[in-house]
Amino acid sequence: MQEENSKQQGTVARLAGWFDSRLGLSYPFLRSAPAYSVNPFYWLGALTVVAFVIQGITGVVLMLYYVPDPTTAYASTQYIFQNVSYGRFLQTVHLYTAYAMIMLAFMHMMRGYFVSVYKKPRELMWIVGMGMGFVTLGFGFTGYLLPWTVVSKSATDVGIGMMAALPPPISNLISFLVVGAGGDATELLRFYDLHVVVLPAVLLVLLALKMYMLEANGISEPETGPPLTVEKKRLIPIFPDVSLYLLELAAIFGSGMLLISAAFPLNLPAEFTPQAAAQSTPQPDWYFLWIYQVLKISVFEGPALPVALTIVTLIFIVLILLPFIDRSDKKRISQRQVFVTLGIIFVAEIVALTYWGLITPGQIIPIEQAVLLLGGLALLIAVVSLGLFRVLASRVKKHLPTMEAPKIRSAEIWNGVAFTAVAAFGALSIGNTINAIVSLALSGFSAGELIYLAGSLVGLSACVLGTIYLIYRSDLRTGMIKRRVKLFEIGWLEELSNDAN
Amino acid sequence: MPIRRVVILLLLLQGVTIVFLWTLDALNQVSEGTFALFLAADMIGFAMISYLYRHEKEMEIPSKVWLVVGGVLIVVFMFSSLVLH
């Protein structure tokens, strides 16, 4: 039996050796990966590429049957559904993998944000990665139109209409690139060309650039948990170990996609006709809903639309330029209180806006509601996060007892009540300030508007001061104050003596 | 050797499923669901084989939890696809 096994192993080894000597698999040009990187979170970008590969394979098959012309696009899509072997399955996998690709790209970006991978020397990797993210969104935008359904065409028209509100040089350029000179036929053909030729080519170039930079800089070290041991730093060859690990992840991801495709097979919506479009509510696909929801806020309706588009553009610009905005050397999550809090707020706002957009199709959102939800959510997360950071930091410094439950003192109850009041009042102040600024921008300067703005700013300043005051008082108790401010310590000694009694 | 037996079993399973997949009506929506689930089971099987190989190569003990989870997933996928069929 043993002899048979070794004989079998010999055959496998000979076969592997034959391929190895011709392909150079055991001495690849890619550098080895450290053991700590054998973790799915390190390979979210690679899984995004796997999704792209699945997109490519299914997309090529769909291309064999699809005709990019307004008169035949829907019929050819229907043909794929009904007459091509596993046609519906291919369409379903293509769509869900596209969704997964966008989701994975977002997760990859946010992981990078939280663990500071964008810092020196990986600034350019971050920028290239952001470019890849935009290309991924471009795939979604261009691919959505292709079936020529009433849902996809109406939503795309809304998107193109919004671009027209951008400053003329930008809107003209986008219009030329995306829509072309003609009507529906040119638009569909442009979208198809962008989807199957231009965007894949751009993504591959950016991917090659990013891979090159990954090779140059290596995989970043983890910025959480205990210091790395020698075992964790051990290098693992990219072939076969890391490659096999990646294939395992890809297989699990693929089976997940297949499971979802089997559970929720795609149904083709109605064909686009102007009559059908007039009866439907245009709504972009889920990954653009958060932007659409911002644009639906009442204050941005009509002439103020460019203001909303500018805000969204600024968010993207800040994300791209992040390595040059956050220039501190601190990489550990526990040391990056402000950026971690901002990151959590960003994710929470996007999730909230997306869900909100999903349940309010076509509805204009009153500014008060938007401010209360978005401002309140941001403030709540900020307060909770700042509190958590304080508690964690003080625990690390052993200022708080860890074994026995801390006694709740009157000052702490007061702090909690005051924090809630500041959060509620702060949300209103932020909303009123935005409202006042937009009103001023739209209707020009007037005494009433200026008084309104001044009042809102006073309220906002009071909230900021109140927050600083409360954080200071909290820090005073845990002994974390670096510079004392006597004004904020009024009544502190009395509180201490009351607590002692 | 138990690892080798598990791998042989998984390979056999993959062979059988591939033969079964050829018998499906490719234009039927139910068949598409069956196809997807069998393929998903095959992929889990492949991931398990690769996982076992990596651990055997490094002379490490593979996690029983992952193997059981993988096995259960394969059974659930195949059973549900047969029910669907």
# chains A, B, ... in the order shown; residues from 1 in each chain; ligands from 1
call {"tool": "interface_residues", "arguments": {"of": "chain B", "to": "chain A", "cutoff": "9 Å", "atoms": "only C-alpha atoms", "output": "VMD selection string"}}
result
chain B and resid 25 to 37 39 to 51 54 77
call {"tool": "write_last_selection", "arguments": {"atoms": "N, CA and C atoms", "output": "mmCIF file, in the first residue's frame"}}
result
data_model
loop_
_atom_site.group_PDB
_atom_site.id
_atom_site.type_symbol
_atom_site.label_atom_id
_atom_site.label_comp_id
_atom_site.auth_asym_id
_atom_site.auth_seq_id
_atom_site.Cartn_x
_atom_site.Cartn_y
_atom_site.Cartn_z
ATOM 1 N N ASP B 25 -31.819 19.804 -18.029
ATOM 2 C CA ASP B 25 -32.381 20.579 -19.147
ATOM 3 C C ASP B 25 -31.921 22.030 -18.963
ATOM 4 N N ALA B 26 -31.045 22.465 -19.870
ATOM 5 C CA ALA B 26 -30.379 23.764 -19.678
ATOM 6 C C ALA B 26 -31.305 24.961 -19.868
ATOM 7 N N LEU B 27 -32.505 24.764 -20.387
ATOM 8 C CA LEU B 27 -33.414 25.902 -20.613
ATOM 9 C C LEU B 27 -34.495 26.013 -19.538
ATOM 10 N N ASN B 28 -34.471 25.063 -18.616
ATOM 11 C CA ASN B 28 -35.490 25.046 -17.568
ATOM 12 C C ASN B 28 -35.018 25.849 -16.358
ATOM 13 N N GLN B 29 -35.921 26.691 -15.804
ATOM 14 C CA GLN B 29 -35.502 27.552 -14.688
ATOM 15 C C GLN B 29 -35.151 26.730 -13.439
ATOM 16 N N VAL B 30 -35.899 25.639 -13.226
ATOM 17 C CA VAL B 30 -35.611 24.799 -12.050
ATOM 18 C C VAL B 30 -34.230 24.161 -12.201
ATOM 19 N N SER B 31 -33.937 23.721 -13.433
ATOM 20 C CA SER B 31 -32.624 23.118 -13.680
ATOM 21 C C SER B 31 -31.500 24.108 -13.405
ATOM 22 N N GLU B 32 -31.765 25.373 -13.706
ATOM 23 C CA GLU B 32 -30.746 26.396 -13.456
ATOM 24 C C GLU B 32 -30.420 26.481 -11.966
ATOM 25 N N GLY B 33 -31.463 26.388 -11.130
ATOM 26 C CA GLY B 33 -31.258 26.400 -9.676
ATOM 27 C C GLY B 33 -30.468 25.182 -9.229
ATOM 28 N N THR B 34 -30.830 24.022 -9.774
ATOM 29 C CA THR B 34 -30.129 22.775 -9.439
ATOM 30 C C THR B 34 -28.659 22.872 -9.850
ATOM 31 N N PHE B 35 -28.459 23.370 -11.062
ATOM 32 C CA PHE B 35 -27.102 23.536 -11.601
ATOM 33 C C PHE B 35 -26.263 24.420 -10.665
ATOM 34 N N ALA B 36 -26.870 25.566 -10.267
ATOM 35 C CA ALA B 36 -26.151 26.516 -9.407
ATOM 36 C C ALA B 36 -25.783 25.877 -8.068
ATOM 37 N N LEU B 37 -26.712 25.128 -7.496
ATOM 38 C CA LEU B 37 -26.456 24.538 -6.174
ATOM 39 C C LEU B 37 -25.408 23.423 -6.246
ATOM 40 N N LEU B 39 -23.054 23.203 -8.473
ATOM 41 C CA LEU B 39 -21.777 23.861 -8.736
ATOM 42 C C LEU B 39 -21.218 24.475 -7.437
ATOM 43 N N ALA B 40 -22.122 25.032 -6.636
ATOM 44 C CA ALA B 40 -21.712 25.612 -5.348
ATOM 45 C C ALA B 40 -21.133 24.521 -4.447
ATOM 46 N N ALA B 41 -21.768 23.344 -4.453
ATOM 47 C CA ALA B 41 -21.264 22.222 -3.654
ATOM 48 C C ALA B 41 -19.884 21.797 -4.135
ATOM 49 N N ASP B 42 -19.716 21.770 -5.463
ATOM 50 C CA ASP B 42 -18.412 21.410 -6.045
ATOM 51 C C ASP B 42 -17.330 22.387 -5.612
ATOM 52 N N MET B 43 -17.699 23.656 -5.589
ATOM 53 C CA MET B 43 -16.712 24.682 -5.212
ATOM 54 C C MET B 43 -16.312 24.544 -3.750
ATOM 55 N N ILE B 44 -17.273 24.248 -2.903
ATOM 56 C CA ILE B 44 -16.950 24.028 -1.488
ATOM 57 C C ILE B 44 -16.022 22.810 -1.382
ATOM 58 N N GLY B 45 -16.332 21.776 -2.180
ATOM 59 C CA GLY B 45 -15.495 20.583 -2.198
ATOM 60 C C GLY B 45 -14.064 20.910 -2.606
ATOM 61 N N PHE B 46 -13.932 21.732 -3.628
ATOM 62 C CA PHE B 46 -12.597 22.138 -4.083
ATOM 63 C C PHE B 46 -11.856 22.897 -2.978
ATOM 64 N N ALA B 47 -12.584 23.822 -2.323
ATOM 65 C CA ALA B 47 -11.958 24.605 -1.243
ATOM 66 C C ALA B 47 -11.473 23.675 -0.131
ATOM 67 N N MET B 48 -12.277 22.626 0.162
ATOM 68 C CA MET B 48 -11.887 21.686 1.224
ATOM 69 C C MET B 48 -10.636 20.889 0.834
ATOM 70 N N ILE B 49 -10.593 20.452 -0.425
ATOM 71 C CA ILE B 49 -9.422 19.690 -0.892
ATOM 72 C C ILE B 49 -8.164 20.551 -0.768
ATOM 73 N N SER B 50 -8.287 21.792 -1.223
ATOM 74 C CA SER B 50 -7.145 22.706 -1.171
ATOM 75 C C SER B 50 -6.719 22.957 0.283
ATOM 76 N N TYR B 51 -7.705 23.126 1.154
ATOM 77 C CA TYR B 51 -7.437 23.367 2.580
ATOM 78 C C TYR B 51 -6.694 22.165 3.190
ATOM 79 N N ARG B 54 -3.051 21.998 1.856
ATOM 80 C CA ARG B 54 -2.148 22.991 2.476
ATOM 81 C C ARG B 54 -1.714 22.539 3.869
ATOM 82 N N PHE B 77 -26.463 21.820 0.224
ATOM 83 C CA PHE B 77 -26.584 22.275 -1.171
ATOM 84 C C PHE B 77 -27.127 21.156 -2.055
#
call {"tool": "residues_around", "arguments": {"residues": "A:Leu373", "least_positions_apart": "6", "cutoff": "10 Å", "atoms": "only C-alpha atoms", "output": "list in words"}}
result
Glu349, Ala352, Leu353, Ile367, Leu379, Ala427 and Gly431 of chain A
call {"tool": "write_last_selection", "arguments": {"atoms": "N, CA and C atoms", "output": "PDB file, in the first residue's frame"}}
result
ATOM      1  N   GLU A 349     -23.800  56.844   7.609  1.00  0.00           N
ATOM      2  CA  GLU A 349     -24.621  57.766   6.802  1.00  0.00           C
ATOM      3  C   GLU A 349     -24.950  57.140   5.448  1.00  0.00           C
ATOM      4  N   ALA A 352     -27.534  54.465   6.017  1.00  0.00           N
ATOM      5  CA  ALA A 352     -28.822  55.081   6.346  1.00  0.00           C
ATOM      6  C   ALA A 352     -29.457  55.703   5.101  1.00  0.00           C
ATOM      7  N   LEU A 353     -28.654  56.438   4.318  1.00  0.00           N
ATOM      8  CA  LEU A 353     -29.187  57.089   3.113  1.00  0.00           C
ATOM      9  C   LEU A 353     -29.659  56.060   2.090  1.00  0.00           C
ATOM     10  N   ILE A 367     -36.135  69.056   4.577  1.00  0.00           N
ATOM     11  CA  ILE A 367     -34.821  69.342   5.163  1.00  0.00           C
ATOM     12  C   ILE A 367     -34.773  68.992   6.657  1.00  0.00           C
ATOM     13  N   LEU A 379     -24.035  62.881  15.132  1.00  0.00           N
ATOM     14  CA  LEU A 379     -23.719  63.348  16.479  1.00  0.00           C
ATOM     15  C   LEU A 379     -23.730  62.189  17.484  1.00  0.00           C
ATOM     16  N   ALA A 427     -27.899  68.490  16.630  1.00  0.00           N
ATOM     17  CA  ALA A 427     -28.494  68.074  15.361  1.00  0.00           C
ATOM     18  C   ALA A 427     -29.340  69.201  14.784  1.00  0.00           C
ATOM     19  N   GLY A 431     -28.588  71.449  11.302  1.00  0.00           N
ATOM     20  CA  GLY A 431     -29.624  71.551  10.284  1.00  0.00           C
ATOM     21  C   GLY A 431     -29.974  72.998   9.975  1.00  0.00           C
TER      22      GLY A 431
END
call {"tool": "residues_around", "arguments": {"residues": "stretch 421-426 of chain A", "least_positions_apart": "2", "cutoff": "8 Å", "atoms": "only C-alpha atoms", "output": "PDB file with all heavy atoms, in the first residue's frame"}}
result
ATOM      1  N   GLY A 375     -27.888  64.466  10.816  1.00  0.00           N
ATOM      2  CA  GLY A 375     -27.149  65.185  11.867  1.00  0.00           C
ATOM      3  C   GLY A 375     -27.202  64.424  13.179  1.00  0.00           C
ATOM      4  O   GLY A 375     -26.187  64.260  13.863  1.00  0.00           O
ATOM      5  N   GLY A 376     -28.397  63.926  13.507  1.00  0.00           N
ATOM      6  CA  GLY A 376     -28.554  63.185  14.771  1.00  0.00           C
ATOM      7  C   GLY A 376     -27.691  61.943  14.787  1.00  0.00           C
ATOM      8  O   GLY A 376     -27.019  61.649  15.782  1.00  0.00           O
ATOM      9  N   LEU A 379     -24.035  62.881  15.132  1.00  0.00           N
ATOM     10  CA  LEU A 379     -23.719  63.348  16.479  1.00  0.00           C
ATOM     11  C   LEU A 379     -23.730  62.189  17.484  1.00  0.00           C
ATOM     12  O   LEU A 379     -22.879  62.094  18.364  1.00  0.00           O
ATOM     13  CB  LEU A 379     -24.736  64.421  16.885  1.00  0.00           C
ATOM     14  CG  LEU A 379     -24.159  65.533  17.723  1.00  0.00           C
ATOM     15  CD1 LEU A 379     -23.131  66.317  16.942  1.00  0.00           C
ATOM     16  CD2 LEU A 379     -25.243  66.443  18.236  1.00  0.00           C
ATOM     17  N   LEU A 380     -24.714  61.324  17.315  1.00  0.00           N
ATOM     18  CA  LEU A 380     -24.820  60.176  18.217  1.00  0.00           C
ATOM     19  C   LEU A 380     -23.559  59.312  18.112  1.00  0.00           C
ATOM     20  O   LEU A 380     -22.962  58.933  19.133  1.00  0.00           O
ATOM     21  CB  LEU A 380     -26.060  59.356  17.847  1.00  0.00           C
ATOM     22  CG  LEU A 380     -26.372  58.195  18.773  1.00  0.00           C
ATOM     23  CD1 LEU A 380     -26.913  58.718  20.092  1.00  0.00           C
ATOM     24  CD2 LEU A 380     -27.375  57.250  18.142  1.00  0.00           C
ATOM     25  N   VAL A 383     -20.570  61.103  19.680  1.00  0.00           N
ATOM     26  CA  VAL A 383     -20.581  61.105  21.148  1.00  0.00           C
ATOM     27  C   VAL A 383     -20.240  59.708  21.685  1.00  0.00           C
ATOM     28  O   VAL A 383     -19.388  59.556  22.562  1.00  0.00           O
ATOM     29  CB  VAL A 383     -21.962  61.585  21.660  1.00  0.00           C
ATOM     30  CG1 VAL A 383     -22.096  61.343  23.141  1.00  0.00           C
ATOM     31  CG2 VAL A 383     -22.148  63.057  21.349  1.00  0.00           C
ATOM     32  N   VAL A 417     -26.879  62.932  30.823  1.00  0.00           N
ATOM     33  CA  VAL A 417     -28.039  63.747  30.442  1.00  0.00           C
ATOM     34  C   VAL A 417     -27.577  64.910  29.550  1.00  0.00           C
ATOM     35  O   VAL A 417     -28.186  65.208  28.509  1.00  0.00           O
ATOM     36  CB  VAL A 417     -28.752  64.288  31.720  1.00  0.00           C
ATOM     37  CG1 VAL A 417     -29.830  65.292  31.346  1.00  0.00           C
ATOM     38  CG2 VAL A 417     -29.346  63.133  32.507  1.00  0.00           C
ATOM     39  N   ALA A 418     -26.481  65.544  29.966  1.00  0.00           N
ATOM     40  CA  ALA A 418     -25.984  66.700  29.214  1.00  0.00           C
ATOM     41  C   ALA A 418     -25.524  66.285  27.813  1.00  0.00           C
ATOM     42  O   ALA A 418     -25.769  66.992  26.838  1.00  0.00           O
ATOM     43  CB  ALA A 418     -24.832  67.349  29.971  1.00  0.00           C
ATOM     44  N   PHE A 419     -24.878  65.105  27.697  1.00  0.00           N
ATOM     45  CA  PHE A 419     -24.446  64.601  26.384  1.00  0.00           C
ATOM     46  C   PHE A 419     -25.656  64.438  25.462  1.00  0.00           C
ATOM     47  O   PHE A 419     -25.631  64.828  24.300  1.00  0.00           O
ATOM     48  CB  PHE A 419     -23.744  63.242  26.526  1.00  0.00           C
ATOM     49  CG  PHE A 419     -22.249  63.352  26.502  1.00  0.00           C
ATOM     50  CD1 PHE A 419     -21.484  62.753  27.494  1.00  0.00           C
ATOM     51  CD2 PHE A 419     -21.598  64.028  25.485  1.00  0.00           C
ATOM     52  CE1 PHE A 419     -20.106  62.848  27.490  1.00  0.00           C
ATOM     53  CE2 PHE A 419     -20.219  64.125  25.468  1.00  0.00           C
ATOM     54  CZ  PHE A 419     -19.468  63.541  26.484  1.00  0.00           C
ATOM     55  N   LEU A 428     -30.139  69.832  15.647  1.00  0.00           N
ATOM     56  CA  LEU A 428     -30.992  70.932  15.190  1.00  0.00           C
ATOM     57  C   LEU A 428     -30.150  72.110  14.703  1.00  0.00           C
ATOM     58  O   LEU A 428     -30.448  72.728  13.680  1.00  0.00           O
ATOM     59  CB  LEU A 428     -31.905  71.389  16.339  1.00  0.00           C
ATOM     60  CG  LEU A 428     -33.100  70.483  16.608  1.00  0.00           C
ATOM     61  CD1 LEU A 428     -33.846  70.941  17.843  1.00  0.00           C
ATOM     62  CD2 LEU A 428     -34.047  70.488  15.399  1.00  0.00           C
ATOM     63  N   SER A 429     -29.074  72.407  15.457  1.00  0.00           N
ATOM     64  CA  SER A 429     -28.226  73.548  15.084  1.00  0.00           C
ATOM     65  C   SER A 429     -27.547  73.321  13.746  1.00  0.00           C
ATOM     66  O   SER A 429     -27.479  74.231  12.919  1.00  0.00           O
ATOM     67  CB  SER A 429     -27.158  73.787  16.157  1.00  0.00           C
ATOM     68  OG  SER A 429     -27.775  73.975  17.382  1.00  0.00           O
ATOM     69  N   ILE A 430     -27.050  72.087  13.532  1.00  0.00           N
ATOM     70  CA  ILE A 430     -26.383  71.785  12.254  1.00  0.00           C
ATOM     71  C   ILE A 430     -27.382  71.971  11.110  1.00  0.00           C
ATOM     72  O   ILE A 430     -27.102  72.608  10.094  1.00  0.00           O
ATOM     73  CB  ILE A 430     -25.810  70.345  12.248  1.00  0.00           C
ATOM     74  CG1 ILE A 430     -24.658  70.222  13.240  1.00  0.00           C
ATOM     75  CG2 ILE A 430     -25.307  69.958  10.853  1.00  0.00           C
ATOM     76  CD1 ILE A 430     -24.199  68.793  13.481  1.00  0.00           C
ATOM     77  N   GLY A 459     -25.936  78.782  18.257  1.00  0.00           N
ATOM     78  CA  GLY A 459     -26.402  77.502  18.801  1.00  0.00           C
ATOM     79  C   GLY A 459     -25.376  76.408  18.578  1.00  0.00           C
ATOM     80  O   GLY A 459     -25.062  75.619  19.474  1.00  0.00           O
ATOM     81  N   LEU A 460     -24.807  76.380  17.356  1.00  0.00           N
ATOM     82  CA  LEU A 460     -23.806  75.369  17.008  1.00  0.00           C
ATOM     83  C   LEU A 460     -22.554  75.524  17.880  1.00  0.00           C
ATOM     84  O   LEU A 460     -22.007  74.534  18.389  1.00  0.00           O
ATOM     85  CB  LEU A 460     -23.447  75.525  15.529  1.00  0.00           C
ATOM     86  CG  LEU A 460     -22.782  74.341  14.860  1.00  0.00           C
ATOM     87  CD1 LEU A 460     -23.689  73.138  14.886  1.00  0.00           C
ATOM     88  CD2 LEU A 460     -22.442  74.686  13.408  1.00  0.00           C
ATOM     89  N   CYS A 463     -23.088  74.208  21.257  1.00  0.00           N
ATOM     90  CA  CYS A 463     -23.031  72.735  21.297  1.00  0.00           C
ATOM     91  C   CYS A 463     -21.589  72.248  21.294  1.00  0.00           C
ATOM     92  O   CYS A 463     -21.232  71.313  22.022  1.00  0.00           O
ATOM     93  CB  CYS A 463     -23.746  72.152  20.086  1.00  0.00           C
ATOM     94  SG  CYS A 463     -25.483  72.275  20.255  1.00  0.00           S
ATOM     95  N   VAL A 464     -20.775  72.865  20.443  1.00  0.00           N
ATOM     96  CA  VAL A 464     -19.360  72.464  20.371  1.00  0.00           C
ATOM     97  C   VAL A 464     -18.690  72.702  21.717  1.00  0.00           C
ATOM     98  O   VAL A 464     -17.983  71.836  22.256  1.00  0.00           O
ATOM     99  CB  VAL A 464     -18.632  73.252  19.244  1.00  0.00           C
ATOM    100  CG1 VAL A 464     -17.137  73.001  19.279  1.00  0.00           C
ATOM    101  CG2 VAL A 464     -19.195  72.869  17.891  1.00  0.00           C
ATOM    102  N   GLY A 466     -20.161  72.944  24.592  1.00  0.00           N
ATOM    103  CA  GLY A 466     -20.743  71.996  25.554  1.00  0.00           C
ATOM    104  C   GLY A 466     -20.077  70.630  25.448  1.00  0.00           C
ATOM    105  O   GLY A 466     -19.773  69.992  26.462  1.00  0.00           O
ATOM    106  N   THR A 467     -19.818  70.191  24.212  1.00  0.00           N
ATOM    107  CA  THR A 467     -19.175  68.883  24.016  1.00  0.00           C
ATOM    108  C   THR A 467     -17.758  68.902  24.592  1.00  0.00           C
ATOM    109  O   THR A 467     -17.350  67.959  25.291  1.00  0.00           O
ATOM    110  CB  THR A 467     -19.123  68.549  22.504  1.00  0.00           C
ATOM    111  OG1 THR A 467     -20.407  68.754  21.949  1.00  0.00           O
ATOM    112  CG2 THR A 467     -18.700  67.128  22.267  1.00  0.00           C
TER     113      THR A 467
END
call {"tool": "closest_residue", "arguments": {"among": "A:Pro168, A:Val150, A:Leu386, A:Val371", "to": "A:Val338", "atoms": "only C-alpha atoms"}}
result
A:Leu386
call {"tool": "atom_distance", "arguments": {"atom1": "atom CA of A:Val49", "atom2": "atom CA of A:Val135"}}
result
12.6 Å
call {"tool": "closest_residue", "arguments": {"among": "A:Leu465, A:Ala33, A:Val61, A:Leu95", "to": "A:Leu268", "atoms": "only C-alpha atoms"}}
result
A:Leu95
call {"tool": "atom_distance", "arguments": {"atom1": "atom CA of A:Met107", "atom2": "atom CA of A:Phe346"}}
result
12.6 Å
call {"tool": "select_by_dssp", "arguments": {"residues": "stretch 234-383 of chain A", "states": "alpha helix (DSSP H)", "output": "mmCIF file with C-alpha atoms, in the first residue's frame"}}
result
data_model
loop_
_atom_site.group_PDB
_atom_site.id
_atom_site.type_symbol
_atom_site.label_atom_id
_atom_site.label_comp_id
_atom_site.auth_asym_id
_atom_site.auth_seq_id
_atom_site.Cartn_x
_atom_site.Cartn_y
_atom_site.Cartn_z
ATOM 1 C CA SER A 243 -2.302 30.936 -4.342
ATOM 2 C CA LEU A 244 -4.207 27.942 -2.984
ATOM 3 C CA TYR A 245 -5.494 30.011 -0.082
ATOM 4 C CA LEU A 246 -6.757 32.607 -2.573
ATOM 5 C CA LEU A 247 -8.388 29.871 -4.655
ATOM 6 C CA GLU A 248 -10.146 28.618 -1.509
ATOM 7 C CA LEU A 249 -11.469 32.104 -0.810
ATOM 8 C CA ALA A 250 -12.505 32.459 -4.452
ATOM 9 C CA ALA A 251 -14.298 29.086 -4.343
ATOM 10 C CA ILE A 252 -16.190 30.027 -1.174
ATOM 11 C CA PHE A 253 -17.081 33.415 -2.676
ATOM 12 C CA GLY A 254 -18.178 31.721 -5.920
ATOM 13 C CA SER A 255 -20.356 29.216 -4.084
ATOM 14 C CA GLY A 256 -21.967 32.092 -2.166
ATOM 15 C CA MET A 257 -22.749 33.860 -5.432
ATOM 16 C CA LEU A 258 -24.203 30.645 -6.886
ATOM 17 C CA LEU A 259 -26.337 30.100 -3.807
ATOM 18 C CA ILE A 260 -27.758 33.642 -4.019
ATOM 19 C CA SER A 261 -28.329 33.223 -7.756
ATOM 20 C CA ALA A 262 -30.226 29.973 -7.148
ATOM 21 C CA ALA A 263 -32.300 31.505 -4.357
ATOM 22 C CA PRO A 274 -41.834 56.497 -23.205
ATOM 23 C CA GLN A 275 -45.351 55.524 -22.056
ATOM 24 C CA ALA A 276 -44.072 52.928 -19.585
ATOM 25 C CA ALA A 277 -41.429 55.371 -18.340
ATOM 26 C CA ALA A 278 -44.074 58.008 -17.624
ATOM 27 C CA GLN A 279 -45.795 55.587 -15.249
ATOM 28 C CA LEU A 289 -29.103 55.499 -3.878
ATOM 29 C CA TRP A 290 -27.192 57.402 -1.192
ATOM 30 C CA ILE A 291 -26.243 60.109 -3.700
ATOM 31 C CA TYR A 292 -29.774 60.205 -5.075
ATOM 32 C CA GLN A 293 -31.192 60.533 -1.567
ATOM 33 C CA VAL A 294 -28.929 63.537 -0.875
ATOM 34 C CA LEU A 295 -30.120 65.159 -4.108
ATOM 35 C CA LEU A 305 -28.902 71.023 -7.315
ATOM 36 C CA PRO A 306 -25.299 72.084 -8.146
ATOM 37 C CA VAL A 307 -24.765 72.700 -4.397
ATOM 38 C CA ALA A 308 -25.664 69.065 -3.658
ATOM 39 C CA LEU A 309 -23.514 67.799 -6.516
ATOM 40 C CA THR A 310 -20.636 69.909 -5.221
ATOM 41 C CA ILE A 311 -21.029 68.371 -1.744
ATOM 42 C CA VAL A 312 -20.970 64.829 -3.209
ATOM 43 C CA THR A 313 -17.967 65.713 -5.407
ATOM 44 C CA LEU A 314 -16.163 67.150 -2.376
ATOM 45 C CA ILE A 315 -16.706 63.890 -0.475
ATOM 46 C CA PHE A 316 -15.042 61.991 -3.334
ATOM 47 C CA ILE A 317 -12.188 64.518 -3.555
ATOM 48 C CA VAL A 318 -11.555 64.242 0.192
ATOM 49 C CA LEU A 319 -11.469 60.436 -0.134
ATOM 50 C CA ILE A 320 -8.989 60.583 -3.018
ATOM 51 C CA LEU A 322 -6.986 61.375 2.130
ATOM 52 C CA PRO A 323 -3.265 60.419 2.320
ATOM 53 C CA PHE A 324 -2.408 64.121 2.072
ATOM 54 C CA ILE A 325 -5.092 65.216 4.536
ATOM 55 C CA GLN A 337 -9.890 58.802 17.358
ATOM 56 C CA VAL A 338 -11.043 61.554 14.977
ATOM 57 C CA PHE A 339 -10.500 59.678 11.700
ATOM 58 C CA VAL A 340 -11.970 56.433 13.021
ATOM 59 C CA THR A 341 -15.049 58.323 14.262
ATOM 60 C CA LEU A 342 -15.398 60.115 10.911
ATOM 61 C CA GLY A 343 -15.077 56.766 9.107
ATOM 62 C CA ILE A 344 -17.837 55.185 11.205
ATOM 63 C CA ILE A 345 -20.053 58.224 10.587
ATOM 64 C CA PHE A 346 -19.368 57.975 6.825
ATOM 65 C CA VAL A 347 -20.343 54.283 6.677
ATOM 66 C CA ALA A 348 -23.419 54.800 8.880
ATOM 67 C CA GLU A 349 -24.621 57.766 6.802
ATOM 68 C CA ILE A 350 -24.205 55.853 3.535
ATOM 69 C CA VAL A 351 -26.085 52.836 4.911
ATOM 70 C CA ALA A 352 -28.822 55.081 6.346
ATOM 71 C CA LEU A 353 -29.187 57.089 3.113
ATOM 72 C CA THR A 354 -29.260 53.916 0.989
ATOM 73 C CA TYR A 355 -31.959 52.279 3.100
ATOM 74 C CA TRP A 356 -33.888 55.535 3.285
ATOM 75 C CA GLY A 357 -33.705 55.888 -0.487
ATOM 76 C CA LEU A 358 -34.978 52.335 -0.867
ATOM 77 C CA ILE A 359 -38.105 52.964 1.208
ATOM 78 C CA ILE A 367 -34.821 69.342 5.163
ATOM 79 C CA GLU A 368 -35.899 68.982 8.807
ATOM 80 C CA GLN A 369 -36.163 65.198 8.458
ATOM 81 C CA ALA A 370 -32.822 64.970 6.683
ATOM 82 C CA GLY A 376 -28.554 63.185 14.771
ATOM 83 C CA LEU A 377 -26.906 59.977 13.565
ATOM 84 C CA ALA A 378 -23.557 61.708 13.096
ATOM 85 C CA LEU A 379 -23.719 63.348 16.479
ATOM 86 C CA LEU A 380 -24.820 60.176 18.217
ATOM 87 C CA ILE A 381 -21.952 58.189 16.678
ATOM 88 C CA ALA A 382 -19.499 60.977 17.511
ATOM 89 C CA VAL A 383 -20.581 61.105 21.148
#
call {"tool": "atom_distance", "arguments": {"atom1": "atom CA of A:Pro147", "atom2": "atom CA of A:His108"}}
result
29.1 Å
call {"tool": "closest_residue", "arguments": {"among": "A:Ile160, A:Met125, A:Val117, A:Leu188", "to": "A:Pro68", "atoms": "only C-alpha atoms"}}
result
A:Leu188
call {"tool": "select_by_dssp", "arguments": {"residues": "stretch 30-278 of chain A", "states": "strand (DSSP E)", "output": "ChimeraX atom specification"}}
result
/A:33-34,235-236
call {"tool": "write_last_selection", "arguments": {"atoms": "C-alpha atoms", "output": "mmCIF file, in the first residue's frame"}}
result
data_model
loop_
_atom_site.group_PDB
_atom_site.id
_atom_site.type_symbol
_atom_site.label_atom_id
_atom_site.label_comp_id
_atom_site.auth_asym_id
_atom_site.auth_seq_id
_atom_site.Cartn_x
_atom_site.Cartn_y
_atom_site.Cartn_z
ATOM 1 C CA ALA A 33 3.393 36.942 1.793
ATOM 2 C CA PRO A 34 3.748 37.153 5.596
ATOM 3 C CA LEU A 235 7.052 34.414 4.918
ATOM 4 C CA ILE A 236 4.855 32.046 2.915
#
call {"tool": "residues_around", "arguments": {"residues": "A:Gln91", "least_positions_apart": "6", "cutoff": "8 Å", "atoms": "only C-alpha atoms", "output": "VMD selection string"}}
result
chain A and resid 58 62 81 266
